[in-house]
Amino acid sequence: MIESPALRPEAVEAVPPPEPAIPAGQLFAIRWLVYLSLFALALGGLYGLFQALQRLGMNVYPSLPIAGEYYQGLTIHGVMLALVFTFAFSNGLLSLTTIRGFERPLASTLLAQLAFWSILLGVVLASVPILAGNATVLFTFYPPLQAHPLFYLGLVLAVLSTWLTSLNQLLTLRAWRRDHPGERIPLMAFTSIVTYVMWDIASVGVAIEVVVLLLPWSLGLVPNTDPELARTLFWFTGHPIVYFWLLPAYVSWYTMIPRQVGGRTFSDPLTRLVFLLFLLLSIPVGLHHQFTESAVAPSMKAYQGLLTFGVFFPSIVTAFSVMASLEGAGRARGGEGLLGWIPRLPWSDPSVAAQLLAMLVFMLGGVTGLINSSYTVNLLVHNTAFIPGHFHLTVGTAVALSVIGIAYWLVPYLSGHRLWGRQLALVQAWLWAIGVLLFARGQIAGGLTSMPRRTAMATATYLDLVPSWGFDNVLTGLGGVIMVVSGVLFFLVVLGTLCGWAGRGTTELPAAASEVRPGVWPVVDRLGGWTVATLVLIALSYGPVFLSLLPPSLNSPGFRVW
Ligand code: HAS
Ligand code: CU
């Protein structure tokens, strides 16, 4: 057995420091960011139902009063879930964890409020053209598909909201440092801040794409655009965005779940190193989404493919170290033998159960990611249903089910009400995990036999070409419907909690203790140095790619294919 502080039985006695009082204006912003994200989850999930029914041969789109077309529905699904749900939740949760980590309020209430209002305005602005059928461009909005300018403006405001959140974190860090010279940044704040520093750098790609290329083009100020340059800028952001979605879940798995299961974070410095590796390696790998694009040099694609194997590593470390922390807690609760600690974990706590299931499903998400990133194997799965199979295991479950699990303490925490419907919440978590496994089985098998992604399969004229597709679609549709049922249960629990059906009560923000050993690995404290190294690696990895695409070949007008 591993000898570690996290595995010692007395670890359960660790008591975290008291929670700081949060100014009302900051609490308002955090609360409404979280509620906005849950609203986006509900709306995006609703369109997930129509897609799942599509797979089962039921085309309900024509009978919908609004957004009654497959691609319009898919745009709502993707934009709401991949962009709004994730951004708003990260902004809310990681503001709160910054406060909790530093044990002091955020430096600026105004910035916290602006972060909320800007994403809200962004969502409203982007929704108008989407609902009116003028921005059916999916969540990747690849040119030459051209959306209404309001769609791009909405995106700008959503990204701005994340930058404001990051700025507030950094100002809080500066203020904390002044009062605590020479001290190591508390782990919860450290992981939250590194997540945002990574995203600040990553989001520059899509910011340039939208502000310099797409917005002026959709406004009619320039007639043509450069689709290849735009796609490359998009994927500069588009890969690291998946870690911007994932890392809030990791913050919970590393710094909160150990407390919830009665243990400790396995290793403080190792956790820091994991987040720093995400900072370093998340961005210079975006070309693994462009393996099939002939405008990019094969050597650069192969090189970034190799770096992708590198960014796999911090997740492997996470798998082992989070598991070690869980094992320690399970053993402290009397679990024996090789696997006897697993049933001893508090599976009856819906917040824990949801996140443990999210982790288990993420193992398969990781496996499929490795398949995607293998240059030659990618040619088999690219643009097939395999890819949505992969990302419903990752963002659709590792992230979404973790967020749901977090919400089971966060909504009570923010509302001052006790969690209503614990049993329902438990059923919800299991249904989601079962649903996504069926869903992904259908998509992955379909993808391996060349079923295209982003296609209304039930009405495709070539559906009978591959006999196994019928069964694959049934699994996908059934799994999707089960996930929606699970989502409905989740919102019932949230509603019951918000309405106070279980009465008032205070909830703890679970903050795990960890063995902080000052002076261990001082290299993990050099945030500035790691940021510089990140910029250098990006310059080496993307410099030649962008140089080869410049000056832009502005050769394509906008298309409206819907
Ligand atoms: Fe991905 C495409 C490669 C992770 C999301 N990915 C996508 C797309 C999305 C997405 C949305 O290389 C489609 C974009 C589009 O529309 O075109 N992905 C990877 C790799 C990883 C990976 C190598 N992806 C993610 C995550 C996502 C996400 C995370 C969202 C949050 N992905 C690709 C590639 C493509 C791609 C190619 C392009 C494909 C194409 O051709 O278009 C890795 O980061 C995965 C690492 C994960 C692991 C798993 C670790 C497991 C853990 C759990 C441990 C369990 C415990 C439980 C502790 C190594 C940490 C114990 C509990 C008990 C109870 C015992
Ligand atoms: Cu990627």
# chains A, B, ... in the order shown; residues from 1 in each chain; ligands from 1
>>> residues_near_ligand(ligand="ligand 1", cutoff="7 Å", atoms="only C-alpha atoms and all ligand atoms", output="ChimeraX atom specification")
/A:140,242-243,245-246,288-289,305,308-309,311-313,315-316,318-320,322-323,342,356-357,359-360,362-363,365-367,369-370,372-374,378,381-383,387-388,390-391,394-395,398-399
>>> residues_around(residues="Pro452 in chain A", least_positions_apart="6", cutoff="12 Å", atoms="only C-alpha atoms", output="list in words")
Leu380, Val381, His382, Asn383, Thr384, Ala385, Phe386, Ile387, Pro388, Gly389, Gln443, Ile444, Ala445, Gly446, Ala460, Tyr462, Leu463, Val466 and Trp469 of chain A
>>> write_last_selection(atoms="all heavy atoms", output="tab-separated table (two decimals), in the first residue's frame")
chain	number	residue	atom	x	y	z
A	380	LEU	N	-9.73	7.70	-39.11
A	380	LEU	CA	-10.87	6.80	-39.08
A	380	LEU	C	-12.07	7.44	-38.39
A	380	LEU	O	-13.21	7.25	-38.79
A	380	LEU	CB	-10.48	5.51	-38.35
A	380	LEU	CG	-11.57	4.45	-38.24
A	380	LEU	CD1	-11.82	3.82	-39.61
A	380	LEU	CD2	-11.18	3.37	-37.24
A	381	VAL	N	-11.79	8.20	-37.33
A	381	VAL	CA	-12.91	8.67	-36.49
A	381	VAL	C	-13.30	10.13	-36.74
A	381	VAL	O	-14.38	10.55	-36.35
A	381	VAL	CB	-12.59	8.49	-34.99
A	381	VAL	CG1	-12.45	7.02	-34.65
A	381	VAL	CG2	-11.36	9.28	-34.56
A	382	HIS	N	-12.42	10.89	-37.39
A	382	HIS	CA	-12.69	12.32	-37.57
A	382	HIS	C	-14.02	12.53	-38.31
A	382	HIS	O	-14.32	11.83	-39.28
A	382	HIS	CB	-11.55	12.96	-38.36
A	382	HIS	CG	-11.69	14.45	-38.51
A	382	HIS	ND1	-11.70	15.31	-37.44
A	382	HIS	CD2	-11.88	15.22	-39.59
A	382	HIS	CE1	-11.87	16.54	-37.86
A	382	HIS	NE2	-11.98	16.52	-39.17
A	383	ASN	N	-14.78	13.51	-37.84
A	383	ASN	CA	-16.08	13.84	-38.45
A	383	ASN	C	-17.08	12.71	-38.43
A	383	ASN	O	-18.06	12.73	-39.18
A	383	ASN	CB	-15.90	14.37	-39.89
A	383	ASN	CG	-15.63	15.86	-39.90
A	383	ASN	OD1	-15.86	16.54	-38.89
A	383	ASN	ND2	-15.14	16.38	-41.00
A	384	THR	N	-16.85	11.70	-37.60
A	384	THR	CA	-17.86	10.65	-37.45
A	384	THR	C	-18.55	10.81	-36.10
A	384	THR	O	-18.13	11.60	-35.25
A	384	THR	CB	-17.24	9.24	-37.50
A	384	THR	OG1	-16.53	9.01	-36.27
A	384	THR	CG2	-16.31	9.07	-38.69
A	385	ALA	N	-19.56	9.97	-35.89
A	385	ALA	CA	-20.31	10.00	-34.63
A	385	ALA	C	-19.43	9.61	-33.44
A	385	ALA	O	-19.83	9.81	-32.29
A	385	ALA	CB	-21.51	9.05	-34.73
A	386	PHE	N	-18.26	9.05	-33.72
A	386	PHE	CA	-17.34	8.71	-32.63
A	386	PHE	C	-17.02	9.95	-31.78
A	386	PHE	O	-16.87	9.86	-30.56
A	386	PHE	CB	-16.03	8.15	-33.24
A	386	PHE	CG	-15.06	7.61	-32.22
A	386	PHE	CD1	-15.03	6.25	-31.91
A	386	PHE	CD2	-14.15	8.45	-31.58
A	386	PHE	CE1	-14.13	5.74	-30.98
A	386	PHE	CE2	-13.26	7.96	-30.64
A	386	PHE	CZ	-13.24	6.59	-30.35
A	387	ILE	N	-16.91	11.10	-32.44
A	387	ILE	CA	-16.47	12.31	-31.73
A	387	ILE	C	-17.52	12.77	-30.70
A	387	ILE	O	-17.19	12.99	-29.53
A	387	ILE	CB	-16.09	13.44	-32.74
A	387	ILE	CG1	-15.02	12.93	-33.73
A	387	ILE	CG2	-15.61	14.69	-32.02
A	387	ILE	CD1	-13.74	12.44	-33.11
A	388	PRO	N	-18.80	12.91	-31.10
A	388	PRO	CA	-19.78	13.18	-30.03
A	388	PRO	C	-19.83	12.08	-28.98
A	388	PRO	O	-20.14	12.36	-27.80
A	388	PRO	CB	-21.12	13.32	-30.77
A	388	PRO	CG	-20.85	13.11	-32.20
A	388	PRO	CD	-19.39	13.03	-32.45
A	389	GLY	N	-19.51	10.85	-29.36
A	389	GLY	CA	-19.41	9.79	-28.34
A	389	GLY	C	-18.35	10.17	-27.33
A	389	GLY	O	-18.57	10.14	-26.11
A	443	GLN	N	-23.02	6.00	-30.33
A	443	GLN	CA	-22.28	6.94	-31.18
A	443	GLN	C	-20.92	6.37	-31.60
A	443	GLN	O	-20.48	6.55	-32.73
A	443	GLN	CB	-22.03	8.26	-30.41
A	443	GLN	CG	-23.30	9.04	-30.10
A	443	GLN	CD	-23.72	9.94	-31.25
A	443	GLN	OE1	-23.70	9.52	-32.40
A	443	GLN	NE2	-24.10	11.15	-30.94
A	444	ILE	N	-20.25	5.73	-30.66
A	444	ILE	CA	-18.91	5.24	-30.94
A	444	ILE	C	-18.96	4.09	-31.96
A	444	ILE	O	-18.20	4.07	-32.94
A	444	ILE	CB	-18.21	4.82	-29.63
A	444	ILE	CG1	-17.81	6.09	-28.86
A	444	ILE	CG2	-17.02	3.92	-29.88
A	444	ILE	CD1	-17.29	5.84	-27.46
A	445	ALA	N	-19.88	3.17	-31.75
A	445	ALA	CA	-20.00	2.06	-32.70
A	445	ALA	C	-20.40	2.60	-34.08
A	445	ALA	O	-19.85	2.20	-35.10
A	445	ALA	CB	-21.03	1.05	-32.21
A	446	GLY	N	-21.34	3.56	-34.09
A	446	GLY	CA	-21.72	4.16	-35.35
A	446	GLY	C	-20.52	4.82	-36.02
A	446	GLY	O	-20.26	4.63	-37.21
A	460	ALA	N	-31.88	10.50	-42.78
A	460	ALA	CA	-30.86	10.37	-43.83
A	460	ALA	C	-31.30	9.28	-44.82
A	460	ALA	O	-31.73	8.21	-44.41
A	460	ALA	CB	-29.51	10.03	-43.22
A	462	TYR	N	-29.53	7.50	-46.66
A	462	TYR	CA	-28.58	6.38	-46.77
A	462	TYR	C	-28.50	5.58	-45.47
A	462	TYR	O	-27.56	4.83	-45.26
A	462	TYR	CB	-27.19	6.91	-47.14
A	462	TYR	CG	-26.75	8.08	-46.29
A	462	TYR	CD1	-26.10	7.87	-45.07
A	462	TYR	CD2	-27.00	9.39	-46.68
A	462	TYR	CE1	-25.73	8.94	-44.27
A	462	TYR	CE2	-26.64	10.45	-45.89
A	462	TYR	CZ	-26.00	10.22	-44.69
A	462	TYR	OH	-25.63	11.27	-43.88
A	463	LEU	N	-29.50	5.76	-44.61
A	463	LEU	CA	-29.46	5.12	-43.29
A	463	LEU	C	-29.29	3.61	-43.39
A	463	LEU	O	-28.60	2.99	-42.56
A	463	LEU	CB	-30.75	5.45	-42.53
A	463	LEU	CG	-30.85	4.90	-41.11
A	463	LEU	CD1	-29.75	5.49	-40.22
A	463	LEU	CD2	-32.21	5.24	-40.49
A	466	VAL	N	-25.59	0.86	-43.81
A	466	VAL	CA	-24.88	0.04	-42.84
A	466	VAL	C	-25.93	-0.54	-41.88
A	466	VAL	O	-26.53	0.20	-41.11
A	466	VAL	CB	-23.84	0.87	-42.06
A	466	VAL	CG1	-23.08	0.02	-41.06
A	466	VAL	CG2	-22.89	1.57	-43.02
A	469	TRP	N	-26.28	0.41	-38.10
A	469	TRP	CA	-26.60	1.78	-37.68
A	469	TRP	C	-27.97	1.87	-37.01
A	469	TRP	O	-28.18	2.72	-36.13
A	469	TRP	CB	-26.56	2.74	-38.89
A	469	TRP	CG	-25.17	3.09	-39.28
A	469	TRP	CD1	-24.01	2.68	-38.69
A	469	TRP	CD2	-24.78	3.94	-40.37
A	469	TRP	NE1	-22.92	3.21	-39.34
A	469	TRP	CE2	-23.38	3.99	-40.38
A	469	TRP	CE3	-25.48	4.65	-41.34
A	469	TRP	CZ2	-22.65	4.72	-41.33
A	469	TRP	CZ3	-24.77	5.39	-42.28
A	469	TRP	CH2	-23.37	5.42	-42.26
>>> residues_around(residues="Thr86 in chain A", least_positions_apart="5", cutoff="9 Å", atoms="only C-alpha atoms", output="PyMOL selection string")
chain A and resi 37+40-41+80-81+91+244-245+399-400
>>> write_last_selection(atoms="all heavy atoms", output="short mmCIF file (atom, residue, chain, number, x, y, z; two decimals), in the first residue's frame")
data_model
loop_
_atom_site.label_atom_id
_atom_site.label_comp_id
_atom_site.auth_asym_id
_atom_site.auth_seq_id
_atom_site.Cartn_x
_atom_site.Cartn_y
_atom_site.Cartn_z
N SER A 37 -26.02 29.45 -15.41
CA SER A 37 -25.42 28.25 -16.01
C SER A 37 -26.41 27.09 -15.95
O SER A 37 -26.53 26.32 -16.91
CB SER A 37 -24.10 27.92 -15.32
OG SER A 37 -24.29 27.07 -14.22
N ALA A 40 -28.93 27.46 -18.66
CA ALA A 40 -28.39 27.05 -19.95
C ALA A 40 -28.36 25.52 -20.06
O ALA A 40 -28.61 24.95 -21.13
CB ALA A 40 -26.98 27.62 -20.14
N LEU A 41 -28.07 24.86 -18.94
CA LEU A 41 -28.07 23.38 -18.93
C LEU A 41 -29.47 22.86 -19.25
O LEU A 41 -29.64 21.91 -20.03
CB LEU A 41 -27.60 22.88 -17.56
CG LEU A 41 -27.57 21.36 -17.35
CD1 LEU A 41 -26.59 20.68 -18.29
CD2 LEU A 41 -27.19 21.01 -15.90
N MET A 80 -25.54 26.59 -25.87
CA MET A 80 -25.98 26.67 -24.48
C MET A 80 -25.11 25.80 -23.57
O MET A 80 -24.73 26.21 -22.48
CB MET A 80 -27.45 26.23 -24.35
CG MET A 80 -28.41 27.28 -24.78
SD MET A 80 -28.25 28.73 -23.71
CE MET A 80 -28.63 30.02 -24.85
N LEU A 81 -24.80 24.58 -24.03
CA LEU A 81 -24.09 23.66 -23.14
C LEU A 81 -22.59 23.87 -23.15
O LEU A 81 -21.94 23.89 -22.10
CB LEU A 81 -24.42 22.21 -23.52
CG LEU A 81 -25.90 21.85 -23.28
CD1 LEU A 81 -26.20 20.46 -23.78
CD2 LEU A 81 -26.25 21.96 -21.80
N ASN A 91 -17.16 30.79 -13.97
CA ASN A 91 -17.04 32.13 -13.39
C ASN A 91 -17.59 32.15 -11.97
O ASN A 91 -16.99 32.75 -11.08
CB ASN A 91 -17.81 33.15 -14.24
CG ASN A 91 -17.09 33.49 -15.53
OD1 ASN A 91 -15.94 33.07 -15.74
ND2 ASN A 91 -17.74 34.22 -16.40
N PHE A 244 -10.65 24.25 -19.92
CA PHE A 244 -11.34 25.31 -19.17
C PHE A 244 -12.67 24.77 -18.64
O PHE A 244 -13.12 25.16 -17.56
CB PHE A 244 -11.55 26.53 -20.09
CG PHE A 244 -12.21 27.70 -19.41
CD1 PHE A 244 -11.73 28.21 -18.22
CD2 PHE A 244 -13.34 28.28 -19.96
CE1 PHE A 244 -12.35 29.29 -17.59
CE2 PHE A 244 -13.97 29.36 -19.35
CZ PHE A 244 -13.47 29.86 -18.16
N TRP A 245 -13.29 23.86 -19.41
CA TRP A 245 -14.51 23.22 -18.91
C TRP A 245 -14.18 22.21 -17.81
O TRP A 245 -14.90 22.06 -16.84
CB TRP A 245 -15.24 22.44 -20.02
CG TRP A 245 -15.63 23.23 -21.22
CD1 TRP A 245 -15.88 24.58 -21.28
CD2 TRP A 245 -15.83 22.72 -22.55
NE1 TRP A 245 -16.24 24.92 -22.56
CE2 TRP A 245 -16.21 23.82 -23.36
CE3 TRP A 245 -15.74 21.47 -23.14
CZ2 TRP A 245 -16.50 23.69 -24.72
CZ3 TRP A 245 -16.02 21.33 -24.48
CH2 TRP A 245 -16.39 22.43 -25.26
N VAL A 399 -17.62 16.58 -16.86
CA VAL A 399 -17.87 17.95 -16.45
C VAL A 399 -19.32 18.13 -15.97
O VAL A 399 -19.55 18.52 -14.83
CB VAL A 399 -17.55 18.95 -17.60
CG1 VAL A 399 -17.93 20.37 -17.20
CG2 VAL A 399 -16.08 18.86 -17.98
N ALA A 400 -20.29 17.79 -16.84
CA ALA A 400 -21.68 18.12 -16.50
C ALA A 400 -22.13 17.38 -15.23
O ALA A 400 -22.78 17.97 -14.37
CB ALA A 400 -22.60 17.80 -17.67
#
>>> atom_distance(atom1="CA of Asn59 in chain A", atom2="CA of Gly45 in chain A")
16.7 Å
>>> closest_residue(among="A:Met483, A:Leu306, A:Gly447, A:Ala533", to="Gly396 in chain A", atoms="only C-alpha atoms")
A:Met483
>>> select_by_dssp(residues="range 161-236 of chain A", states="alpha helix (DSSP H)", output="MDAnalysis selection string")
chainID A and resid 161:179 187:202 204:208 215:218 227:236
>>> closest_residue(among="A:Val194, A:Phe236, A:Arg259, A:Ile66", to="ligand 2", atoms="only C-alpha atoms and all ligand atoms")
A:Phe236
>>> closest_residue(among="A:Leu281, A:Ile185, A:Phe141, A:Leu547", to="Leu170 in chain A", atoms="only C-alpha atoms")
A:Ile185
>>> atom_distance(atom1="CA of Thr237 in chain A", atom2="CA of Val545 in chain A")
14.5 Å
>>> decode(residues="range 307-343 of chain A", atoms="N, CA and C atoms", output="compact mmCIF listing (two decimals), in the first residue's frame")
# COMPACT_ATOMS: atom_id res chain seq x y z
N LEU A 307 2.58 16.38 -28.60
CA LEU A 307 2.33 17.18 -27.39
C LEU A 307 0.99 16.82 -26.76
N THR A 308 0.05 16.36 -27.60
CA THR A 308 -1.25 15.96 -27.05
C THR A 308 -1.07 14.77 -26.09
N PHE A 309 -0.15 13.87 -26.47
CA PHE A 309 0.12 12.77 -25.52
C PHE A 309 0.67 13.35 -24.22
N GLY A 310 1.38 14.48 -24.33
CA GLY A 310 1.90 15.13 -23.12
C GLY A 310 0.79 15.66 -22.23
N VAL A 311 -0.23 16.27 -22.84
CA VAL A 311 -1.29 16.85 -22.03
C VAL A 311 -2.22 15.76 -21.48
N PHE A 312 -2.06 14.56 -21.98
CA PHE A 312 -2.77 13.41 -21.40
C PHE A 312 -2.23 13.12 -19.99
N PHE A 313 -0.94 13.40 -19.82
CA PHE A 313 -0.24 13.01 -18.58
C PHE A 313 -0.85 13.59 -17.30
N PRO A 314 -1.11 14.93 -17.22
CA PRO A 314 -1.68 15.43 -15.96
C PRO A 314 -3.03 14.79 -15.61
N SER A 315 -3.76 14.32 -16.62
CA SER A 315 -5.01 13.64 -16.29
C SER A 315 -4.75 12.24 -15.74
N ILE A 316 -3.68 11.61 -16.25
CA ILE A 316 -3.30 10.30 -15.70
C ILE A 316 -2.89 10.48 -14.23
N VAL A 317 -2.08 11.52 -13.98
CA VAL A 317 -1.68 11.80 -12.59
C VAL A 317 -2.93 12.03 -11.72
N THR A 318 -3.89 12.75 -12.30
CA THR A 318 -5.14 13.02 -11.57
C THR A 318 -5.85 11.71 -11.24
N ALA A 319 -5.93 10.83 -12.23
CA ALA A 319 -6.62 9.56 -11.98
C ALA A 319 -5.99 8.86 -10.78
N PHE A 320 -4.66 8.77 -10.75
CA PHE A 320 -4.01 8.04 -9.66
C PHE A 320 -4.10 8.79 -8.34
N SER A 321 -3.90 10.12 -8.38
CA SER A 321 -3.82 10.81 -7.09
C SER A 321 -5.21 11.03 -6.48
N VAL A 322 -6.22 11.28 -7.33
CA VAL A 322 -7.57 11.40 -6.76
C VAL A 322 -8.00 10.04 -6.22
N MET A 323 -7.64 8.99 -6.96
CA MET A 323 -7.99 7.66 -6.48
C MET A 323 -7.30 7.35 -5.15
N ALA A 324 -6.05 7.77 -5.03
CA ALA A 324 -5.32 7.53 -3.76
C ALA A 324 -6.01 8.23 -2.61
N SER A 325 -6.48 9.46 -2.87
CA SER A 325 -7.16 10.20 -1.83
C SER A 325 -8.48 9.52 -1.45
N LEU A 326 -9.19 9.01 -2.47
CA LEU A 326 -10.44 8.29 -2.20
C LEU A 326 -10.14 7.00 -1.42
N GLU A 327 -9.06 6.34 -1.84
CA GLU A 327 -8.71 5.07 -1.18
C GLU A 327 -8.42 5.31 0.30
N GLY A 328 -7.67 6.39 0.57
CA GLY A 328 -7.34 6.70 1.96
C GLY A 328 -8.60 6.90 2.78
N ALA A 329 -9.56 7.64 2.19
CA ALA A 329 -10.80 7.90 2.93
C ALA A 329 -11.60 6.62 3.13
N GLY A 330 -11.66 5.79 2.08
CA GLY A 330 -12.41 4.54 2.17
C GLY A 330 -11.80 3.61 3.22
N ARG A 331 -10.47 3.60 3.30
CA ARG A 331 -9.81 2.74 4.30
C ARG A 331 -10.03 3.28 5.71
N ALA A 332 -10.01 4.63 5.83
CA ALA A 332 -10.26 5.22 7.14
C ALA A 332 -11.67 4.90 7.61
N ARG A 333 -12.56 4.62 6.65
CA ARG A 333 -13.93 4.25 7.02
C ARG A 333 -14.08 2.74 7.16
N GLY A 334 -12.95 2.02 7.18
CA GLY A 334 -13.00 0.59 7.48
C GLY A 334 -12.94 -0.31 6.26
N GLY A 335 -12.74 0.25 5.09
CA GLY A 335 -12.64 -0.57 3.89
C GLY A 335 -11.36 -1.39 3.88
N GLU A 336 -11.46 -2.66 3.53
CA GLU A 336 -10.28 -3.53 3.52
C GLU A 336 -10.14 -4.23 2.19
N GLY A 337 -8.94 -4.84 2.02
CA GLY A 337 -8.70 -5.59 0.79
C GLY A 337 -8.41 -4.64 -0.36
N LEU A 338 -8.26 -5.24 -1.55
CA LEU A 338 -7.84 -4.45 -2.71
C LEU A 338 -8.89 -3.38 -3.08
N LEU A 339 -10.14 -3.78 -3.12
CA LEU A 339 -11.18 -2.85 -3.58
C LEU A 339 -12.22 -2.54 -2.51
N GLY A 340 -12.01 -3.07 -1.30
CA GLY A 340 -13.02 -2.93 -0.25
C GLY A 340 -13.28 -1.48 0.16
N TRP A 341 -12.35 -0.57 -0.18
CA TRP A 341 -12.55 0.84 0.16
C TRP A 341 -13.62 1.50 -0.71
N ILE A 342 -13.89 0.93 -1.89
CA ILE A 342 -14.83 1.59 -2.81
C ILE A 342 -16.26 1.63 -2.25
N PRO A 343 -16.80 0.48 -1.80
CA PRO A 343 -18.17 0.57 -1.25
C PRO A 343 -18.25 1.39 0.04
